[in-house]
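Colleague: Here you go, this is entry_7.cif (mmCIF, N, CA and C atoms).
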data_upload
loop_
_atom_site.label_atom_id
_atom_site.label_comp_id
_atom_site.auth_asym_id
_atom_site.auth_seq_id
_atom_site.Cartn_x
_atom_site.Cartn_y
_atom_site.Cartn_z
N MET H 1 51.92 29.64 22.32
CA MET H 1 51.40 28.32 22.63
C MET H 1 51.57 27.96 24.08
N ALA H 2 52.63 28.39 24.69
CA ALA H 2 52.88 28.01 26.08
C ALA H 2 51.81 28.58 27.00
N GLY H 3 51.22 29.70 26.63
CA GLY H 3 50.21 30.31 27.47
C GLY H 3 48.90 29.54 27.48
N THR H 4 48.69 28.69 26.49
CA THR H 4 47.43 27.95 26.41
C THR H 4 47.53 26.55 26.97
N SER H 5 48.70 26.10 27.39
CA SER H 5 48.92 24.75 27.90
C SER H 5 48.55 23.70 26.87
N HIS H 6 48.75 24.01 25.61
CA HIS H 6 48.41 23.11 24.52
C HIS H 6 49.29 21.86 24.57
N GLY H 7 48.70 20.71 24.77
CA GLY H 7 49.42 19.46 24.74
C GLY H 7 50.11 19.07 26.02
N HIS H 8 49.91 19.80 27.09
CA HIS H 8 50.56 19.49 28.36
C HIS H 8 49.64 18.64 29.23
N THR H 9 49.28 17.47 28.72
CA THR H 9 48.41 16.56 29.47
C THR H 9 48.98 15.15 29.39
N PRO H 10 48.63 14.29 30.33
CA PRO H 10 49.10 12.90 30.25
C PRO H 10 48.68 12.20 28.95
N ALA H 11 47.48 12.50 28.47
CA ALA H 11 47.01 11.87 27.24
C ALA H 11 47.89 12.27 26.05
N ALA H 12 48.23 13.54 25.95
CA ALA H 12 49.05 14.01 24.84
C ALA H 12 50.47 13.44 24.92
N TRP H 13 51.06 13.48 26.10
CA TRP H 13 52.42 12.96 26.26
C TRP H 13 52.48 11.47 25.95
N THR H 14 51.54 10.71 26.45
CA THR H 14 51.55 9.26 26.23
C THR H 14 51.37 8.93 24.76
N GLY H 15 50.41 9.58 24.12
CA GLY H 15 50.18 9.33 22.70
C GLY H 15 51.39 9.67 21.84
N VAL H 16 52.05 10.78 22.13
CA VAL H 16 53.21 11.19 21.35
C VAL H 16 54.39 10.26 21.60
N ILE H 17 54.60 9.85 22.83
CA ILE H 17 55.72 8.95 23.14
C ILE H 17 55.53 7.60 22.42
N ILE H 18 54.32 7.06 22.46
CA ILE H 18 54.07 5.78 21.78
C ILE H 18 54.25 5.95 20.28
N ALA H 19 53.74 7.04 19.71
CA ALA H 19 53.91 7.28 18.27
C ALA H 19 55.38 7.45 17.90
N PHE H 20 56.16 8.11 18.75
CA PHE H 20 57.58 8.29 18.48
C PHE H 20 58.31 6.95 18.50
N ILE H 21 57.96 6.09 19.43
CA ILE H 21 58.57 4.75 19.48
C ILE H 21 58.24 3.99 18.20
N GLY H 22 56.99 4.09 17.75
CA GLY H 22 56.61 3.43 16.50
C GLY H 22 57.35 4.00 15.31
N PHE H 23 57.57 5.31 15.30
CA PHE H 23 58.34 5.94 14.24
C PHE H 23 59.78 5.40 14.22
N CYS H 24 60.37 5.26 15.40
CA CYS H 24 61.73 4.72 15.50
C CYS H 24 61.79 3.28 15.02
N ILE H 25 60.78 2.49 15.37
CA ILE H 25 60.72 1.10 14.92
C ILE H 25 60.63 1.05 13.40
N SER H 26 59.75 1.84 12.82
CA SER H 26 59.60 1.86 11.36
C SER H 26 60.88 2.31 10.68
N GLY H 27 61.52 3.32 11.24
CA GLY H 27 62.77 3.80 10.65
C GLY H 27 63.86 2.75 10.68
N ALA H 28 63.97 2.05 11.80
CA ALA H 28 65.00 1.01 11.90
C ALA H 28 64.74 -0.12 10.91
N PHE H 29 63.50 -0.56 10.80
CA PHE H 29 63.21 -1.66 9.89
C PHE H 29 63.24 -1.21 8.43
N MET H 30 63.07 0.07 8.16
CA MET H 30 63.20 0.56 6.80
C MET H 30 64.67 0.43 6.37
N VAL H 31 65.58 0.80 7.26
CA VAL H 31 67.00 0.69 6.96
C VAL H 31 67.41 -0.77 6.82
N LEU H 32 66.81 -1.64 7.63
CA LEU H 32 67.12 -3.07 7.57
C LEU H 32 66.41 -3.78 6.41
N ALA H 33 65.63 -3.04 5.63
CA ALA H 33 64.89 -3.58 4.48
C ALA H 33 63.98 -4.73 4.90
N ASN H 34 63.23 -4.51 5.97
CA ASN H 34 62.29 -5.52 6.46
C ASN H 34 60.89 -4.91 6.43
N PRO H 35 60.12 -5.20 5.38
CA PRO H 35 58.80 -4.58 5.24
C PRO H 35 57.83 -4.91 6.38
N LEU H 36 57.89 -6.13 6.89
CA LEU H 36 56.98 -6.52 7.96
C LEU H 36 57.23 -5.69 9.21
N GLY H 37 58.48 -5.49 9.58
CA GLY H 37 58.83 -4.67 10.74
C GLY H 37 58.45 -3.21 10.53
N PHE H 38 58.61 -2.73 9.28
CA PHE H 38 58.22 -1.35 8.96
C PHE H 38 56.73 -1.14 9.21
N TRP H 39 55.92 -2.06 8.70
CA TRP H 39 54.47 -1.92 8.87
C TRP H 39 54.06 -2.11 10.32
N ALA H 40 54.77 -2.95 11.04
CA ALA H 40 54.49 -3.12 12.47
C ALA H 40 54.76 -1.82 13.22
N GLY H 41 55.83 -1.11 12.82
CA GLY H 41 56.11 0.19 13.43
C GLY H 41 55.00 1.20 13.14
N LEU H 42 54.46 1.17 11.94
CA LEU H 42 53.36 2.08 11.62
C LEU H 42 52.10 1.73 12.41
N VAL H 43 51.91 0.47 12.70
CA VAL H 43 50.78 0.06 13.56
C VAL H 43 50.97 0.65 14.95
N VAL H 44 52.21 0.65 15.44
CA VAL H 44 52.48 1.23 16.75
C VAL H 44 52.22 2.74 16.72
N VAL H 45 52.56 3.40 15.61
CA VAL H 45 52.27 4.84 15.48
C VAL H 45 50.76 5.08 15.59
N ALA H 46 49.98 4.30 14.87
CA ALA H 46 48.52 4.44 14.93
C ALA H 46 48.00 4.11 16.33
N LEU H 47 48.61 3.14 16.97
CA LEU H 47 48.22 2.78 18.34
C LEU H 47 48.44 3.95 19.29
N GLY H 48 49.49 4.73 19.07
CA GLY H 48 49.73 5.92 19.89
C GLY H 48 48.57 6.90 19.79
N GLY H 49 48.04 7.09 18.59
CA GLY H 49 46.89 7.98 18.43
C GLY H 49 45.65 7.45 19.12
N VAL H 50 45.43 6.16 19.02
CA VAL H 50 44.27 5.55 19.67
C VAL H 50 44.38 5.65 21.18
N VAL H 51 45.57 5.38 21.72
CA VAL H 51 45.77 5.47 23.17
C VAL H 51 45.57 6.90 23.65
N GLY H 52 46.10 7.87 22.90
CA GLY H 52 45.93 9.27 23.28
C GLY H 52 44.46 9.68 23.30
N LEU H 53 43.71 9.26 22.29
CA LEU H 53 42.28 9.59 22.25
C LEU H 53 41.51 8.88 23.36
N ALA H 54 41.89 7.65 23.64
CA ALA H 54 41.21 6.91 24.72
C ALA H 54 41.48 7.57 26.07
N MET H 55 42.72 8.00 26.28
CA MET H 55 43.04 8.67 27.55
C MET H 55 42.33 10.02 27.66
N LYS H 56 42.20 10.71 26.52
CA LYS H 56 41.46 11.98 26.54
C LYS H 56 39.98 11.73 26.88
N ALA H 57 39.42 10.68 26.31
CA ALA H 57 38.03 10.33 26.61
C ALA H 57 37.86 9.93 28.07
N ALA H 58 38.92 9.39 28.67
CA ALA H 58 38.87 8.98 30.08
C ALA H 58 39.08 10.16 31.02
N GLY H 59 39.29 11.35 30.47
CA GLY H 59 39.41 12.54 31.30
C GLY H 59 40.83 12.97 31.59
N MET H 60 41.81 12.38 30.92
CA MET H 60 43.20 12.76 31.16
C MET H 60 43.72 13.77 30.16
N GLY H 61 42.85 14.25 29.30
CA GLY H 61 43.22 15.26 28.32
C GLY H 61 42.71 16.63 28.75
N MET H 62 42.97 17.62 27.91
CA MET H 62 42.52 18.97 28.21
C MET H 62 41.09 19.15 27.68
N PRO H 63 40.19 19.62 28.51
CA PRO H 63 38.81 19.82 28.02
C PRO H 63 38.77 20.98 27.02
N LYS H 64 37.85 20.89 26.09
CA LYS H 64 37.70 21.98 25.12
C LYS H 64 37.12 23.20 25.83
N PRO H 65 37.67 24.37 25.54
CA PRO H 65 37.14 25.57 26.18
C PRO H 65 35.74 25.89 25.65
N ALA H 66 34.91 26.37 26.53
CA ALA H 66 33.56 26.77 26.14
C ALA H 66 33.62 28.15 25.50
N HIS H 67 33.12 28.26 24.30
CA HIS H 67 33.14 29.54 23.60
C HIS H 67 31.84 30.29 23.89
N GLU H 68 31.99 31.55 24.16
CA GLU H 68 30.80 32.35 24.38
C GLU H 68 30.17 32.68 23.03
N ASP H 69 28.89 32.93 23.06
CA ASP H 69 28.20 33.33 21.85
C ASP H 69 28.74 34.68 21.39
N LEU H 70 29.00 34.82 20.11
CA LEU H 70 29.59 36.03 19.58
C LEU H 70 28.71 37.25 19.85
N ALA H 71 27.41 37.10 19.77
CA ALA H 71 26.51 38.23 20.02
C ALA H 71 26.63 38.71 21.47
N VAL H 72 26.82 37.80 22.41
CA VAL H 72 26.96 38.17 23.82
C VAL H 72 28.26 38.94 24.02
N VAL H 73 29.33 38.50 23.38
CA VAL H 73 30.62 39.17 23.52
C VAL H 73 30.55 40.57 22.93
N ILE H 74 29.95 40.72 21.76
CA ILE H 74 29.85 42.04 21.12
C ILE H 74 29.00 42.96 21.98
N ALA H 75 27.90 42.47 22.52
CA ALA H 75 27.05 43.29 23.36
C ALA H 75 27.78 43.71 24.62
N ALA H 76 28.57 42.82 25.21
CA ALA H 76 29.32 43.15 26.41
C ALA H 76 30.39 44.19 26.11
N ASN H 77 31.03 44.09 24.96
CA ASN H 77 32.04 45.07 24.59
C ASN H 77 31.45 46.45 24.33
N LYS H 78 30.27 46.49 23.73
CA LYS H 78 29.60 47.76 23.47
C LYS H 78 29.15 48.41 24.77
N ALA H 79 28.74 47.60 25.71
CA ALA H 79 28.25 48.13 26.98
C ALA H 79 29.39 48.72 27.81
N THR H 80 30.56 48.16 27.71
CA THR H 80 31.68 48.65 28.52
C THR H 80 32.42 49.80 27.87
N VAL H 81 32.36 49.91 26.56
CA VAL H 81 33.06 50.99 25.85
C VAL H 81 32.12 52.18 25.72
N LYS H 82 32.55 53.33 26.28
CA LYS H 82 31.75 54.55 26.15
C LYS H 82 32.55 55.54 25.33
N VAL H 83 31.96 55.96 24.21
CA VAL H 83 32.66 56.86 23.30
C VAL H 83 32.33 58.29 23.61
#
Please re-express this file's structure in structure tokens.

Modeller:
Amino acid sequence: MAGTSHGHTPAAWTGVIIAFIGFCISGAFMVLANPLGFWAGLVVVALGGVVGLAMKAAGMGMPKPAHEDLAVVIAANKATVKV
């Protein structure tokens, strides 16, 4: 995974940090037996996902790699391999 830079973007870090804070909020209010605070924490978790997607749409995420057509790759491999 480290070779692909998976998740090493500002959008990913921000989304995960916000979701983690929401998880901590929900966990604390679950122990305190406060349903309203628990659900508020889950809203913060969902907000982390929305913020991450918005930042990715704004160009702060990793672009999807362009995949070559499979037929082109096979033809290129056949051309370079001589048996």

Colleague: Enter the distance from CA of Ser26 (chain H) to atom C of Thr14 (chain H), in Å, rounded to one decimal.

Modeller: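 That distance, rounded to one decimal, is 17.2 Å.
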
Colleague: Figure out the distance between atom N of Leu47 (chain H) and CA of Gly61 (chain H), please, to one decimal in Å.

Modeller: 17.5 Å

Colleague: Excluding Met62 (chain H) and residues on its chain fewer than 4 positions from it, collect all residues at most 8 Å away from it, counting only N, CA and C atoms, and give them as a VMD selection string.

Modeller: chain H and resid 5 7 to 12 55 to 57

Colleague: So how far away is CA of Val50 (chain H) from CA of Pro63 (chain H), in Å?

Modeller: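 These two atoms are separated by 17.4 Å.
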
Colleague: Which of these residues is nearest to Trp13 (chain H), using all atoms listed in the file: H:Phe38, H:Gly52, H:Leu32, H:Val45?

Modeller: H:Gly52

Colleague: Produce the centre coordinates and the three edge lengths, each in Å to one decimal, of the box along x, y and z that contains all listed atoms of region 33-49 of chain H with 5 Å added on each side, as lines of an AutoDock Vina configuration file.

Modeller:
center_x = 55.6
center_y = 0.7
center_z = 12.2
size_x = 30.0
size_y = 24.5
size_z = 25.4

Colleague: So, counting only N, CA and C atoms, which residue among H:Asn77, H:Gly27, H:Trp39, H:Gly15 is closest to Leu53 (chain H)?

Modeller: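 Looking only at the distances to Leu53 (chain H), the closest residue turns out to be H:Gly15.
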